[in-house]
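A.B. asks: Would you mind keeping the following structure in view while I ask a few things?
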Amino acid sequence: MHQPLWAPSADRIAATRMDAFRRYVNQRHALQLADYPALHAWSVAQREVFWQAIVDFFEIRFSQQPEYVLREGSAMPSAHWFPGATMNFAEHLLRRRDDRPALVAIGEDGSREQLSYLELAAHVAGLQQSLKVAGVGVGDRVAAFMPNTWQTVVGMLATASLGATWSSCSPDFGTQGVIDRFGQIEPKVLIAAAGYRYAGKNLDLTAKLNEILERLPTLQQLVVVPYSNAQARAADFHTPAKVALWGDFYQAGGEPVFTQVPFEQPLYILYSSGTTGVPKCIVHGAGGTLLQHVKELGLHTDLHADDTLFYYTTCGWMMWNWLVSGLALGATLVLFDGSPFHPGAERLIDLIDAENISIFGTSAKYLAALEKAGAKPGQTHQLKRLKTILSTGSPLAHESFEYVYRDIKRDVCLSSISGGTDIVSCFALGNPVLPVWPGELQCKGLGMDVQVWNDAGQAVIGEKGELVCAQHFTSMPIGFWNDADGEKFRAAYFDTFPGIWAHGDYAEITEHGGLVIHGRSDAVLNPGGVRIGTAEIYRQVEKVEEVLESIAIGQDWDGDVRVVLFVRLRDGVTLTDELQAQIRQIIRANTTPRHVPAKIIAVADIPRTISGKIVELAVRNVVHGKPVKNTDALANPQALELYHDLPELRD
């Protein structure tokens, strides 16, 4: 295709924050950066000047000024950003103090609660005081076992306001999955829901929470949010820690006080998905997270104070942390808790109209499912203010790009974004001043020296290879929890190419300066020594009407590797020889003979992590008779049984 699917008008470009920032940089530094590629090249070549410009453009306030912007060694990881600076993350998210809605929290049952910026600050002030009385101070951990509600946001802001460290899991995590995470970080306080709703069911969490409490012996305070379990009582929960219901624990009111902490003070602990062992506890710093998020939300997403931002996420996924940073831009955030398909496929689309959402974030899986369900929101909904659709979680297929512009809205910036928990942000993402090409992420993030390297460590364009970041960036983790010498941290990201961040994505830089993600490097298929990204296969299978979703692995066979494709079919459809032939023909016609699966097998379910990512490695291990070490990281661990000892894979 020689034409983009969408391109912004000159007026739209001129009104963006991205273009305002380019003009700001040109004026301030007497430059003539004409376009985004020039701005990006400058941001990488002059990282210190660039990040200082972000600080000034977004009016980031340091209570103590830094000695300089960056101190670094010759190889990663060795950076210290803004050494000597002190600041507070929550202070920047609560700068607005008026009646503008800050949070609109919507439950699956249709309940709706709204907090203004003024009310949000009052709740944070009250909770902050009670957490302080409970002994929470700088460096202490506060954990949350919570759905995506306003209470969770208040908990995070109150924690960060004290210079403490926040960590959260969602209630759909298995008991062991929560213990594997919180057991490592030993929180002083746990904020937990007594129940939650999903897919029309009201789920009581009392028994699950008591199992978790048994394994958190150092806990000092439990705060229970009844949520969907209105009858919950403090006496229902068994722990040596003090127990209080949310409504009894604090009184909203007053002004929050913000403890000033170093730029690198641990703000968040996030977790790797943990399907190959106990999850890694990834520690993110307050300053680096803030700078990266205001850059991504303010410039790349074009979020303004009059925007309404929505992202479908749970509190166990980094997109929750990213979403909440929208408060730093003064926007209204819409929080949704529940199934995106209950009671029907268009539940979230209804929200766009009901709440006047201007920026709508979702997953590639959701957009594909919406199309498979036959939804045509452009014909059934107004979508008046909708200007941007964001997609992440897995590569967005060409067909989904086309679906959005055909059946949702023509004049919308569709931004596929990619980064991860490891960096609590993005390497490649959207851009309101650039066109949208099918199958491509629009651009590399500003200040991110993103490259694709071949096996020899050479940068390539138009070829597939390893996604790397060749220079330090502000949201690189401080390290892993309980990894004092940094050995596990270095092994995770810097072993592939010594001193260079290798992200574990198999990617390609396009002629437009965009990126295509072909899948995870560790899931790359290798038949006959040719590397194939799984996303290349999924893209073709998406076209087959009878297939709802698929997962591909490489099976060791006859001294080589053969491609095996598992498909989940629509209800009532069987995998006939004709359907297999159709699937193979579509793959062969649009890729290469190497991509064509040797075996196609129908399965009733496909295992996923709780954040919705399919787990090729876990399936590959089951097929090869190897153990899957941590099934609690999966949303549907029982699905793995479907891949065990299959007769079709014995010949």
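All residue names refer to the structure tokens as shown: chains lettered A, B, ... in order, residues numbered from 1 in each chain, ligands numbered from 1 in order.
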Quick one: residues within 10 Å of Ala345 (chain A), only C-alpha atoms, excluding same-chain residues fewer than 2 positions away - as a list in words?

C.D. replies: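 Non-adjacent residues within range: Ser339, Pro340, Phe341, His342, Pro343, Arg347, Leu348, Ile349, Asp350, Tyr366, Ala369, Leu370, Glu371, Lys372, Ala373, Gly374 and Ala375 of chain A.
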
A.B. asks: Need the shell around Gln64 (chain A): protein/DNA/RNA residues with any atom at most 8 Å away, counting only C-alpha atoms. Skip same-chain ones fewer than 3 positions apart. Format as a VMD selection string?

C.D. replies: chain A and resid 84 to 87

A.B. asks: Take the residues from that selection and write them out as a CSV table (one decimal), in the first residue's frame, keeping all heavy atoms.

C.D. replies:
```csv
chain,number,residue,atom,x,y,z
A,84,GLY,N,20.9,14.6,42.7
A,84,GLY,CA,20.7,15.7,43.6
A,84,GLY,C,19.4,16.3,43.6
A,84,GLY,O,19.0,17.0,44.6
A,85,ALA,N,18.6,16.0,42.6
A,85,ALA,CA,17.2,16.6,42.6
A,85,ALA,C,16.3,15.9,43.5
A,85,ALA,O,16.4,14.7,43.7
A,85,ALA,CB,16.6,16.5,41.2
A,86,THR,N,15.4,16.6,44.1
A,86,THR,CA,14.3,16.0,44.9
A,86,THR,C,12.9,16.5,44.4
A,86,THR,O,12.8,17.6,43.8
A,86,THR,CB,14.4,16.4,46.4
A,86,THR,OG1,14.4,17.8,46.6
A,86,THR,CG2,15.7,15.8,47.0
A,87,MET,N,11.9,15.6,44.5
A,87,MET,CA,10.6,15.9,44.0
A,87,MET,C,9.6,15.0,44.6
A,87,MET,O,10.0,14.1,45.4
A,87,MET,CB,10.6,15.8,42.4
A,87,MET,CG,11.3,14.6,41.8
A,87,MET,SD,10.4,13.1,41.8
A,87,MET,CE,9.2,13.5,40.5
```

A.B. asks: Could you list, as a list of chain:residue names, every residue within 12 Å of Val69 (chain A), counting only C-alpha atoms and ignoring same-chain residues fewer than 6 positions away?

C.D. replies: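 Selected residues are A:Gln46, A:Arg47, A:Glu48, A:Val49, A:Phe50, A:Trp51, A:Gln52, A:Ala53, A:Ile54, A:Val55, A:Ala79, A:His80, A:Trp81, A:Phe82, A:Pro83, A:Gly84, A:Ala85, A:Phe263, A:Gly287, A:Gly288, A:Phe473, A:Thr474.
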
A.B. asks: Of the residues A:Gly499, A:Gly361, A:Gly163, A:Gly330, which is the one nearest to Leu103 (chain A), using only C-alpha atoms?

C.D. replies: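 Closest to Leu103 (chain A) of all the choices is A:Gly330.
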
A.B. asks: What residues in region 430-501 of chain A get the DSSP label strand (DSSP E or B)? Please answer as an MDAnalysis selection string.

C.D. replies: chainID A and resid 436 441 443:444 450:453 459 464:469 479:480 497 500:501

A.B. asks: Give me, as a PyMOL selection string, all polymer residues having an atom no more than 7 Å from region 544-550 of chain A, counting only C-alpha atoms and skipping those fewer than 3 positions away in the same chain.

C.D. replies: chain A and resi 538+541+565-570+573+583

A.B. asks: Have a look at A:Ile185, A:Val412, A:Ala230, A:Val334 and name the one nearest to Arg112 (chain A); count only C-alpha atoms.

C.D. replies: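 Checking each candidate against Arg112 (chain A), we get A:Val334 as the closest.
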
A.B. asks: Using only C-alpha atoms, which residue out of A:Trp317, A:Phe62, A:Trp557, A:Trp453 lies closest to Ser425 (chain A)?

C.D. replies: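 Using only C-alpha atoms, Ser425 (chain A) sits closest to A:Trp317.
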
A.B. asks: Region 609-623 of chain A: which residues within 10 Å, counting only C-alpha atoms, same-chain residues fewer than 4 positions away excluded, as a compact mmCIF listing (two decimals) with all heavy atoms, in the first residue's frame?

C.D. replies:
```txt
# COMPACT_ATOMS: atom_id res chain seq x y z
N CYS A 169 -1.75 -5.75 42.34
CA CYS A 169 -2.22 -6.91 41.57
C CYS A 169 -3.73 -6.78 41.45
O CYS A 169 -4.37 -6.19 42.31
CB CYS A 169 -1.92 -8.22 42.30
SG CYS A 169 -0.21 -8.68 42.38
N SER A 170 -4.29 -7.38 40.42
CA SER A 170 -5.74 -7.34 40.28
C SER A 170 -6.35 -8.61 40.89
O SER A 170 -5.68 -9.62 41.03
CB SER A 170 -6.13 -7.19 38.81
OG SER A 170 -5.60 -8.25 38.06
N ASP A 172 -8.15 -10.88 39.81
CA ASP A 172 -8.22 -12.11 39.01
C ASP A 172 -6.92 -12.91 39.06
O ASP A 172 -6.83 -13.99 38.50
CB ASP A 172 -8.63 -11.82 37.56
CG ASP A 172 -7.78 -10.73 36.91
OD1 ASP A 172 -6.92 -10.15 37.60
OD2 ASP A 172 -7.99 -10.47 35.71
N PHE A 173 -5.88 -12.39 39.73
CA PHE A 173 -4.66 -13.18 39.93
C PHE A 173 -4.98 -14.36 40.84
O PHE A 173 -5.75 -14.23 41.79
CB PHE A 173 -3.57 -12.33 40.61
CG PHE A 173 -2.75 -11.48 39.69
CD1 PHE A 173 -3.35 -10.59 38.82
CD2 PHE A 173 -1.37 -11.56 39.69
CE1 PHE A 173 -2.61 -9.79 37.98
CE2 PHE A 173 -0.61 -10.77 38.85
CZ PHE A 173 -1.23 -9.88 37.98
N GLY A 174 -4.34 -15.48 40.55
CA GLY A 174 -4.46 -16.64 41.44
C GLY A 174 -3.79 -16.34 42.77
O GLY A 174 -2.90 -15.48 42.87
N SER A 273 5.75 -11.31 33.91
CA SER A 273 4.56 -12.18 33.91
C SER A 273 4.79 -13.47 34.68
O SER A 273 3.87 -14.09 35.17
CB SER A 273 4.12 -12.49 32.48
OG SER A 273 5.18 -13.08 31.75
N GLY A 274 6.04 -13.89 34.79
CA GLY A 274 6.36 -14.99 35.69
C GLY A 274 5.91 -16.36 35.24
O GLY A 274 5.67 -17.22 36.06
N THR A 275 5.83 -16.59 33.90
CA THR A 275 5.43 -17.93 33.46
C THR A 275 6.60 -18.90 33.44
O THR A 275 6.41 -20.09 33.24
CB THR A 275 4.80 -17.87 32.05
OG1 THR A 275 5.68 -17.18 31.18
CG2 THR A 275 3.46 -17.17 32.09
N THR A 276 7.82 -18.41 33.62
CA THR A 276 8.98 -19.31 33.62
C THR A 276 9.62 -19.39 35.01
O THR A 276 10.72 -19.90 35.15
CB THR A 276 10.03 -18.83 32.60
OG1 THR A 276 10.35 -17.46 32.86
CG2 THR A 276 9.50 -18.95 31.19
N THR A 313 -7.87 -1.59 31.34
CA THR A 313 -6.74 -2.24 32.00
C THR A 313 -7.16 -2.69 33.39
O THR A 313 -8.14 -2.20 33.95
CB THR A 313 -5.54 -1.28 32.10
OG1 THR A 313 -4.44 -1.94 32.75
CG2 THR A 313 -5.87 -0.02 32.89
N THR A 314 -6.40 -3.62 33.94
CA THR A 314 -6.54 -3.96 35.35
C THR A 314 -5.36 -3.33 36.09
O THR A 314 -4.43 -2.82 35.48
CB THR A 314 -6.50 -5.49 35.57
OG1 THR A 314 -5.15 -5.95 35.30
CG2 THR A 314 -7.47 -6.22 34.66
N CYS A 315 -5.41 -3.42 37.42
CA CYS A 315 -4.32 -2.84 38.22
C CYS A 315 -3.10 -3.75 38.27
O CYS A 315 -2.11 -3.43 38.94
CB CYS A 315 -4.81 -2.57 39.64
SG CYS A 315 -6.22 -1.48 39.64
N GLY A 316 -3.16 -4.88 37.57
CA GLY A 316 -2.00 -5.77 37.52
C GLY A 316 -1.19 -5.58 36.25
O GLY A 316 -0.25 -6.34 35.98
N TRP A 317 -1.52 -4.56 35.46
CA TRP A 317 -0.85 -4.33 34.17
C TRP A 317 -0.27 -2.93 34.18
O TRP A 317 -0.87 -2.00 34.72
CB TRP A 317 -1.89 -4.49 33.05
CG TRP A 317 -1.35 -4.55 31.66
CD1 TRP A 317 -0.10 -4.90 31.27
CD2 TRP A 317 -2.08 -4.25 30.45
NE1 TRP A 317 0.01 -4.85 29.89
CE2 TRP A 317 -1.19 -4.46 29.37
CE3 TRP A 317 -3.38 -3.84 30.19
CZ2 TRP A 317 -1.58 -4.26 28.05
CZ3 TRP A 317 -3.76 -3.65 28.87
CH2 TRP A 317 -2.87 -3.87 27.81
N MET A 318 0.89 -2.73 33.55
CA MET A 318 1.54 -1.41 33.58
C MET A 318 0.70 -0.31 32.94
O MET A 318 0.91 0.87 33.20
CB MET A 318 2.90 -1.46 32.89
CG MET A 318 2.82 -1.82 31.44
SD MET A 318 3.87 -0.89 30.29
CE MET A 318 3.18 0.72 30.28
N MET A 319 -0.28 -0.68 32.09
CA MET A 319 -1.10 0.36 31.48
C MET A 319 -1.93 1.09 32.52
O MET A 319 -2.35 2.23 32.29
CB MET A 319 -1.99 -0.24 30.38
CG MET A 319 -1.23 -0.76 29.16
SD MET A 319 0.06 0.35 28.51
CE MET A 319 -0.89 1.80 28.06
N SER A 363 -6.75 -3.16 23.68
CA SER A 363 -5.75 -4.14 23.26
C SER A 363 -6.01 -4.57 21.83
O SER A 363 -7.13 -4.45 21.31
CB SER A 363 -5.81 -5.37 24.17
OG SER A 363 -7.06 -6.02 24.01
N ALA A 364 -4.98 -5.10 21.19
CA ALA A 364 -5.13 -5.64 19.84
C ALA A 364 -6.17 -6.76 19.84
O ALA A 364 -6.98 -6.89 18.91
CB ALA A 364 -3.78 -6.15 19.33
N LYS A 365 -6.16 -7.56 20.90
CA LYS A 365 -7.10 -8.68 21.01
C LYS A 365 -8.54 -8.16 21.03
O LYS A 365 -9.44 -8.74 20.41
CB LYS A 365 -6.81 -9.45 22.29
CG LYS A 365 -7.72 -10.64 22.53
CD LYS A 365 -7.56 -11.17 23.95
CE LYS A 365 -8.63 -12.20 24.28
NZ LYS A 365 -8.75 -12.45 25.71
N TYR A 366 -8.78 -7.04 21.73
CA TYR A 366 -10.13 -6.49 21.82
C TYR A 366 -10.63 -6.02 20.44
O TYR A 366 -11.76 -6.30 20.05
CB TYR A 366 -10.16 -5.32 22.81
CG TYR A 366 -11.50 -4.61 22.83
CD1 TYR A 366 -12.58 -5.13 23.55
CD2 TYR A 366 -11.71 -3.44 22.12
CE1 TYR A 366 -13.81 -4.50 23.56
CE2 TYR A 366 -12.94 -2.79 22.12
CZ TYR A 366 -13.98 -3.33 22.84
OH TYR A 366 -15.21 -2.71 22.84
N GLY A 393 -0.49 -4.57 23.98
CA GLY A 393 -0.66 -5.93 24.49
C GLY A 393 -0.11 -6.98 23.56
O GLY A 393 0.43 -7.98 23.98
N SER A 394 -0.25 -6.73 22.25
CA SER A 394 0.32 -7.61 21.23
C SER A 394 0.28 -6.83 19.92
O SER A 394 -0.39 -5.80 19.83
CB SER A 394 -0.50 -8.91 21.12
OG SER A 394 -1.86 -8.63 20.85
N ARG A 520 7.65 -11.92 20.27
CA ARG A 520 8.72 -11.97 21.26
C ARG A 520 9.88 -12.80 20.71
O ARG A 520 9.67 -13.83 20.05
CB ARG A 520 8.21 -12.62 22.56
CG ARG A 520 7.19 -11.78 23.30
CD ARG A 520 7.76 -10.49 23.85
NE ARG A 520 8.75 -10.73 24.90
CZ ARG A 520 9.57 -9.78 25.38
NH1 ARG A 520 9.54 -8.57 24.88
NH2 ARG A 520 10.42 -10.07 26.34
N ASP A 522 11.92 -14.73 22.23
CA ASP A 522 12.02 -16.10 22.76
C ASP A 522 10.93 -17.01 22.21
O ASP A 522 10.95 -18.22 22.40
CB ASP A 522 12.01 -16.11 24.30
CG ASP A 522 10.83 -15.38 24.91
OD1 ASP A 522 9.87 -15.07 24.17
OD2 ASP A 522 10.86 -15.12 26.13
N ALA A 523 9.95 -16.42 21.48
CA ALA A 523 8.91 -17.23 20.86
C ALA A 523 9.12 -17.37 19.35
O ALA A 523 8.31 -17.98 18.67
CB ALA A 523 7.53 -16.63 21.13
N VAL A 524 10.22 -16.79 18.86
CA VAL A 524 10.49 -16.86 17.42
C VAL A 524 10.63 -18.32 16.99
O VAL A 524 11.26 -19.13 17.67
CB VAL A 524 11.78 -16.07 17.08
CG1 VAL A 524 12.35 -16.46 15.73
CG2 VAL A 524 11.48 -14.57 17.09
N THR A 534 6.12 -14.96 15.36
CA THR A 534 4.78 -15.55 15.42
C THR A 534 3.70 -14.59 14.93
O THR A 534 2.69 -15.01 14.37
CB THR A 534 4.44 -15.99 16.86
OG1 THR A 534 4.72 -14.90 17.75
CG2 THR A 534 5.27 -17.19 17.28
N GLU A 549 -9.09 -17.16 17.38
CA GLU A 549 -7.73 -16.80 17.75
C GLU A 549 -6.82 -18.01 17.59
O GLU A 549 -7.29 -19.14 17.42
CB GLU A 549 -7.66 -16.24 19.18
CG GLU A 549 -8.21 -17.16 20.24
CD GLU A 549 -8.15 -16.54 21.63
OE1 GLU A 549 -7.50 -15.50 21.81
OE2 GLU A 549 -8.74 -17.13 22.55
N SER A 550 -5.51 -17.75 17.63
CA SER A 550 -4.57 -18.85 17.39
C SER A 550 -3.29 -18.65 18.19
O SER A 550 -3.02 -17.55 18.70
CB SER A 550 -4.23 -18.93 15.89
OG SER A 550 -3.63 -17.73 15.45
N ILE A 551 -2.51 -19.72 18.28
CA ILE A 551 -1.19 -19.64 18.92
C ILE A 551 -0.26 -20.60 18.17
O ILE A 551 -0.65 -21.72 17.82
CB ILE A 551 -1.28 -19.98 20.44
CG1 ILE A 551 0.06 -19.73 21.14
CG2 ILE A 551 -1.75 -21.41 20.68
CD1 ILE A 551 -0.06 -19.74 22.66
N ALA A 552 0.94 -20.13 17.87
CA ALA A 552 1.90 -20.93 17.09
C ALA A 552 3.15 -21.18 17.93
O ALA A 552 3.62 -20.31 18.64
CB ALA A 552 2.28 -20.21 15.80
N ILE A 553 3.68 -22.41 17.81
CA ILE A 553 4.94 -22.75 18.50
C ILE A 553 5.82 -23.54 17.53
O ILE A 553 5.36 -24.02 16.49
CB ILE A 553 4.69 -23.60 19.77
CG1 ILE A 553 4.09 -24.97 19.39
CG2 ILE A 553 3.82 -22.87 20.77
CD1 ILE A 553 4.37 -26.06 20.38
N GLY A 554 7.08 -23.67 17.90
CA GLY A 554 7.98 -24.56 17.18
C GLY A 554 8.13 -25.86 17.97
O GLY A 554 8.47 -25.83 19.15
N GLN A 555 7.87 -26.99 17.32
CA GLN A 555 8.05 -28.29 17.97
C GLN A 555 9.33 -28.93 17.45
O GLN A 555 9.55 -29.01 16.23
CB GLN A 555 6.86 -29.22 17.67
CG GLN A 555 6.99 -30.58 18.38
CD GLN A 555 6.00 -31.61 17.86
OE1 GLN A 555 5.37 -31.42 16.82
NE2 GLN A 555 5.86 -32.72 18.58
N ASP A 556 10.19 -29.36 18.36
CA ASP A 556 11.40 -30.07 17.96
C ASP A 556 10.99 -31.37 17.27
O ASP A 556 10.23 -32.17 17.84
CB ASP A 556 12.27 -30.40 19.19
CG ASP A 556 12.75 -29.12 19.88
OD1 ASP A 556 12.81 -28.07 19.21
OD2 ASP A 556 13.07 -29.19 21.08
N VAL A 564 3.84 -25.57 14.53
CA VAL A 564 2.53 -26.13 14.91
C VAL A 564 1.61 -24.96 15.24
O VAL A 564 1.97 -24.06 16.01
CB VAL A 564 2.66 -27.06 16.14
CG1 VAL A 564 1.29 -27.59 16.56
CG2 VAL A 564 3.61 -28.21 15.84
N PHE A 566 -2.12 -23.88 16.68
CA PHE A 566 -3.34 -24.25 17.40
C PHE A 566 -4.38 -23.17 17.14
O PHE A 566 -4.07 -21.97 17.23
CB PHE A 566 -3.08 -24.36 18.90
CG PHE A 566 -2.07 -25.42 19.26
CD1 PHE A 566 -0.73 -25.07 19.47
CD2 PHE A 566 -2.44 -26.75 19.40
CE1 PHE A 566 0.21 -26.03 19.80
CE2 PHE A 566 -1.50 -27.72 19.73
CZ PHE A 566 -0.16 -27.36 19.93
N PRO A 627 8.05 -28.83 32.46
CA PRO A 627 7.13 -28.19 33.42
C PRO A 627 6.93 -26.71 33.10
O PRO A 627 7.82 -26.05 32.58
CB PRO A 627 7.85 -28.36 34.77
CG PRO A 627 9.30 -28.49 34.41
CD PRO A 627 9.35 -29.17 33.08
N VAL A 628 5.75 -26.21 33.41
CA VAL A 628 5.50 -24.76 33.41
C VAL A 628 5.55 -24.34 34.87
O VAL A 628 4.73 -24.77 35.68
CB VAL A 628 4.13 -24.44 32.78
CG1 VAL A 628 3.86 -22.94 32.83
CG2 VAL A 628 4.08 -24.93 31.34
N LYS A 629 6.55 -23.53 35.19
CA LYS A 629 6.88 -23.33 36.60
C LYS A 629 5.84 -22.52 37.37
O LYS A 629 5.70 -22.65 38.55
CB LYS A 629 8.24 -22.64 36.72
CG LYS A 629 9.38 -23.54 36.25
CD LYS A 629 10.71 -22.82 36.37
CE LYS A 629 11.84 -23.66 35.78
NZ LYS A 629 13.08 -22.92 35.65
N ASN A 630 5.13 -21.63 36.69
CA ASN A 630 4.28 -20.72 37.44
C ASN A 630 2.96 -20.48 36.74
O ASN A 630 2.76 -19.46 36.10
CB ASN A 630 5.01 -19.39 37.66
CG ASN A 630 4.33 -18.55 38.71
OD1 ASN A 630 3.26 -18.89 39.17
ND2 ASN A 630 4.94 -17.45 39.07
N THR A 631 2.05 -21.42 36.88
CA THR A 631 0.77 -21.29 36.18
C THR A 631 -0.12 -20.22 36.82
O THR A 631 -1.11 -19.80 36.23
CB THR A 631 0.01 -22.63 36.16
OG1 THR A 631 -0.11 -23.10 37.51
CG2 THR A 631 0.76 -23.66 35.34
N ASP A 632 0.22 -19.76 38.02
CA ASP A 632 -0.59 -18.72 38.65
C ASP A 632 -0.48 -17.38 37.94
O ASP A 632 -1.25 -16.46 38.21
CB ASP A 632 -0.20 -18.55 40.12
CG ASP A 632 -1.26 -19.14 41.04
OD1 ASP A 632 -1.52 -20.34 40.89
OD2 ASP A 632 -1.83 -18.40 41.85
N ALA A 633 0.49 -17.27 37.04
CA ALA A 633 0.60 -16.03 36.25
C ALA A 633 -0.42 -16.00 35.13
O ALA A 633 -0.55 -15.00 34.44
CB ALA A 633 2.01 -15.92 35.68
N LEU A 634 -1.13 -17.12 34.93
CA LEU A 634 -2.07 -17.22 33.81
C LEU A 634 -3.50 -16.92 34.25
O LEU A 634 -3.91 -17.26 35.36
CB LEU A 634 -2.02 -18.62 33.20
CG LEU A 634 -0.65 -19.09 32.68
CD1 LEU A 634 -0.76 -20.49 32.12
CD2 LEU A 634 -0.10 -18.12 31.64
N ALA A 635 -4.26 -16.32 33.34
CA ALA A 635 -5.67 -16.07 33.61
C ALA A 635 -6.47 -17.37 33.55
O ALA A 635 -7.47 -17.52 34.25
CB ALA A 635 -6.21 -15.07 32.59
N ASN A 636 -6.03 -18.30 32.70
CA ASN A 636 -6.77 -19.56 32.50
C ASN A 636 -5.79 -20.74 32.48
O ASN A 636 -5.63 -21.41 31.46
CB ASN A 636 -7.58 -19.50 31.20
CG ASN A 636 -6.70 -19.10 30.00
OD1 ASN A 636 -5.59 -18.59 30.16
ND2 ASN A 636 -7.18 -19.36 28.79
N PRO A 637 -5.13 -21.04 33.60
CA PRO A 637 -4.09 -22.07 33.61
C PRO A 637 -4.58 -23.45 33.19
O PRO A 637 -3.82 -24.25 32.65
CB PRO A 637 -3.61 -22.08 35.07
CG PRO A 637 -4.68 -21.39 35.85
CD PRO A 637 -5.32 -20.42 34.92
N ALA A 639 -6.20 -24.19 30.74
CA ALA A 639 -6.10 -24.33 29.28
C ALA A 639 -4.84 -25.10 28.87
O ALA A 639 -4.82 -25.75 27.82
CB ALA A 639 -6.12 -22.96 28.61
N LEU A 640 -3.80 -25.06 29.69
CA LEU A 640 -2.56 -25.75 29.34
C LEU A 640 -2.76 -27.26 29.20
O LEU A 640 -2.06 -27.91 28.43
CB LEU A 640 -1.47 -25.47 30.39
CG LEU A 640 -0.81 -24.09 30.34
CD1 LEU A 640 0.14 -23.91 31.50
CD2 LEU A 640 -0.09 -23.87 29.01
N GLU A 641 -3.72 -27.81 29.93
CA GLU A 641 -3.98 -29.24 29.86
C GLU A 641 -4.37 -29.68 28.44
O GLU A 641 -4.17 -30.82 28.05
CB GLU A 641 -5.10 -29.63 30.84
CG GLU A 641 -4.63 -29.75 32.28
CD GLU A 641 -3.49 -30.76 32.43
OE1 GLU A 641 -3.63 -31.90 31.94
OE2 GLU A 641 -2.46 -30.39 33.01
N LEU A 642 -4.95 -28.75 27.69
CA LEU A 642 -5.41 -29.06 26.33
C LEU A 642 -4.25 -29.38 25.38
O LEU A 642 -4.47 -29.91 24.30
CB LEU A 642 -6.21 -27.88 25.77
CG LEU A 642 -7.43 -27.43 26.59
CD1 LEU A 642 -7.98 -26.12 26.04
CD2 LEU A 642 -8.52 -28.51 26.55
N TYR A 643 -3.02 -29.04 25.79
CA TYR A 643 -1.85 -29.19 24.91
C TYR A 643 -0.96 -30.35 25.34
O TYR A 643 0.08 -30.59 24.75
CB TYR A 643 -1.05 -27.88 24.91
CG TYR A 643 -1.87 -26.70 24.43
CD1 TYR A 643 -2.74 -26.04 25.30
CD2 TYR A 643 -1.80 -26.25 23.12
CE1 TYR A 643 -3.52 -24.97 24.86
CE2 TYR A 643 -2.57 -25.18 22.68
CZ TYR A 643 -3.42 -24.55 23.56
OH TYR A 643 -4.18 -23.51 23.11
N HIS A 644 -1.41 -31.05 26.37
CA HIS A 644 -0.58 -32.11 26.97
C HIS A 644 -0.72 -33.42 26.21
O HIS A 644 -1.83 -33.91 25.98
CB HIS A 644 -1.01 -32.28 28.43
CG HIS A 644 -0.19 -33.28 29.18
ND1 HIS A 644 1.14 -33.07 29.49
CD2 HIS A 644 -0.50 -34.51 29.66
CE1 HIS A 644 1.59 -34.12 30.14
NE2 HIS A 644 0.62 -35.01 30.26
N ASP A 645 0.41 -33.95 25.78
CA ASP A 645 0.46 -35.31 25.21
C ASP A 645 -0.56 -35.52 24.08
O ASP A 645 -1.35 -36.47 24.09
CB ASP A 645 0.22 -36.33 26.34
CG ASP A 645 0.76 -37.72 25.96
OD1 ASP A 645 1.61 -37.78 25.05
OD2 ASP A 645 0.30 -38.71 26.55
N LEU A 646 -0.54 -34.62 23.11
CA LEU A 646 -1.50 -34.70 22.01
C LEU A 646 -1.07 -35.77 20.99
O LEU A 646 0.05 -35.75 20.50
CB LEU A 646 -1.61 -33.35 21.30
CG LEU A 646 -2.23 -32.22 22.12
CD1 LEU A 646 -2.11 -30.89 21.39
CD2 LEU A 646 -3.70 -32.52 22.42
N LEU A 649 0.61 -34.82 17.65
CA LEU A 649 2.00 -34.33 17.60
C LEU A 649 3.02 -35.46 17.74
O LEU A 649 4.20 -35.22 17.94
CB LEU A 649 2.22 -33.28 18.71
CG LEU A 649 1.42 -31.98 18.52
CD1 LEU A 649 1.70 -31.02 19.66
CD2 LEU A 649 1.75 -31.33 17.18
```

A.B. asks: Tell me which of A:Arg197, A:Leu33, A:Asp140, A:Glu255 sits closest to Ser111 (chain A), counting only C-alpha atoms.

C.D. replies: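 Of all the options, A:Arg197 lies closest to Ser111 (chain A).
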
A.B. asks: Write out as a tab-separated table the residues of region 205-291 of chain A that have any atom within 12 Å of an atom of region 296-305 of chain A, one row each with the nearest atom pair and its distance in Å to one decimal, counting only C-alpha atoms, sorted by chain and then rising number.

C.D. replies:
```
residue	atom	partner	partner_atom	distance
A:Thr289	CA	A:Glu296	CA	10.5
A:Leu290	CA	A:Glu296	CA	9.9
A:Leu291	CA	A:Glu296	CA	8.6
```

A.B. asks: Between CA of Pro217 (chain A) and CA of Phe237 (chain A), what distance in Å does the model show, to one decimal?

C.D. replies: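 Separation of CA of Pro217 (chain A) and CA of Phe237 (chain A): 13.8 Å.
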
A.B. asks: I want to know what sits within 12 Å of Ile478 (chain A), based on only C-alpha atoms, with residues of the same chain fewer than 4 positions away left out; could you give that as number ranges by chain?

C.D. replies: A: 76-81, 263-270, 281-289, 422-424, 472-474, 482-484, 486, 489-490

A.B. asks: Could you tell me which of A:Arg385, A:His595, A:Arg406, A:Arg584 comes closest to Val530 (chain A) if we count only C-alpha atoms?

C.D. replies: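 Among A:Arg385, A:His595, A:Arg406, A:Arg584, it is A:His595 that comes nearest to Val530 (chain A).
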
A.B. asks: Interatomic distance between CA of Ser168 (chain A) and CA of Lys188 (chain A)?

C.D. replies: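 CA of Lys188 (chain A) lies at a distance of 13.4 Å from CA of Ser168 (chain A).
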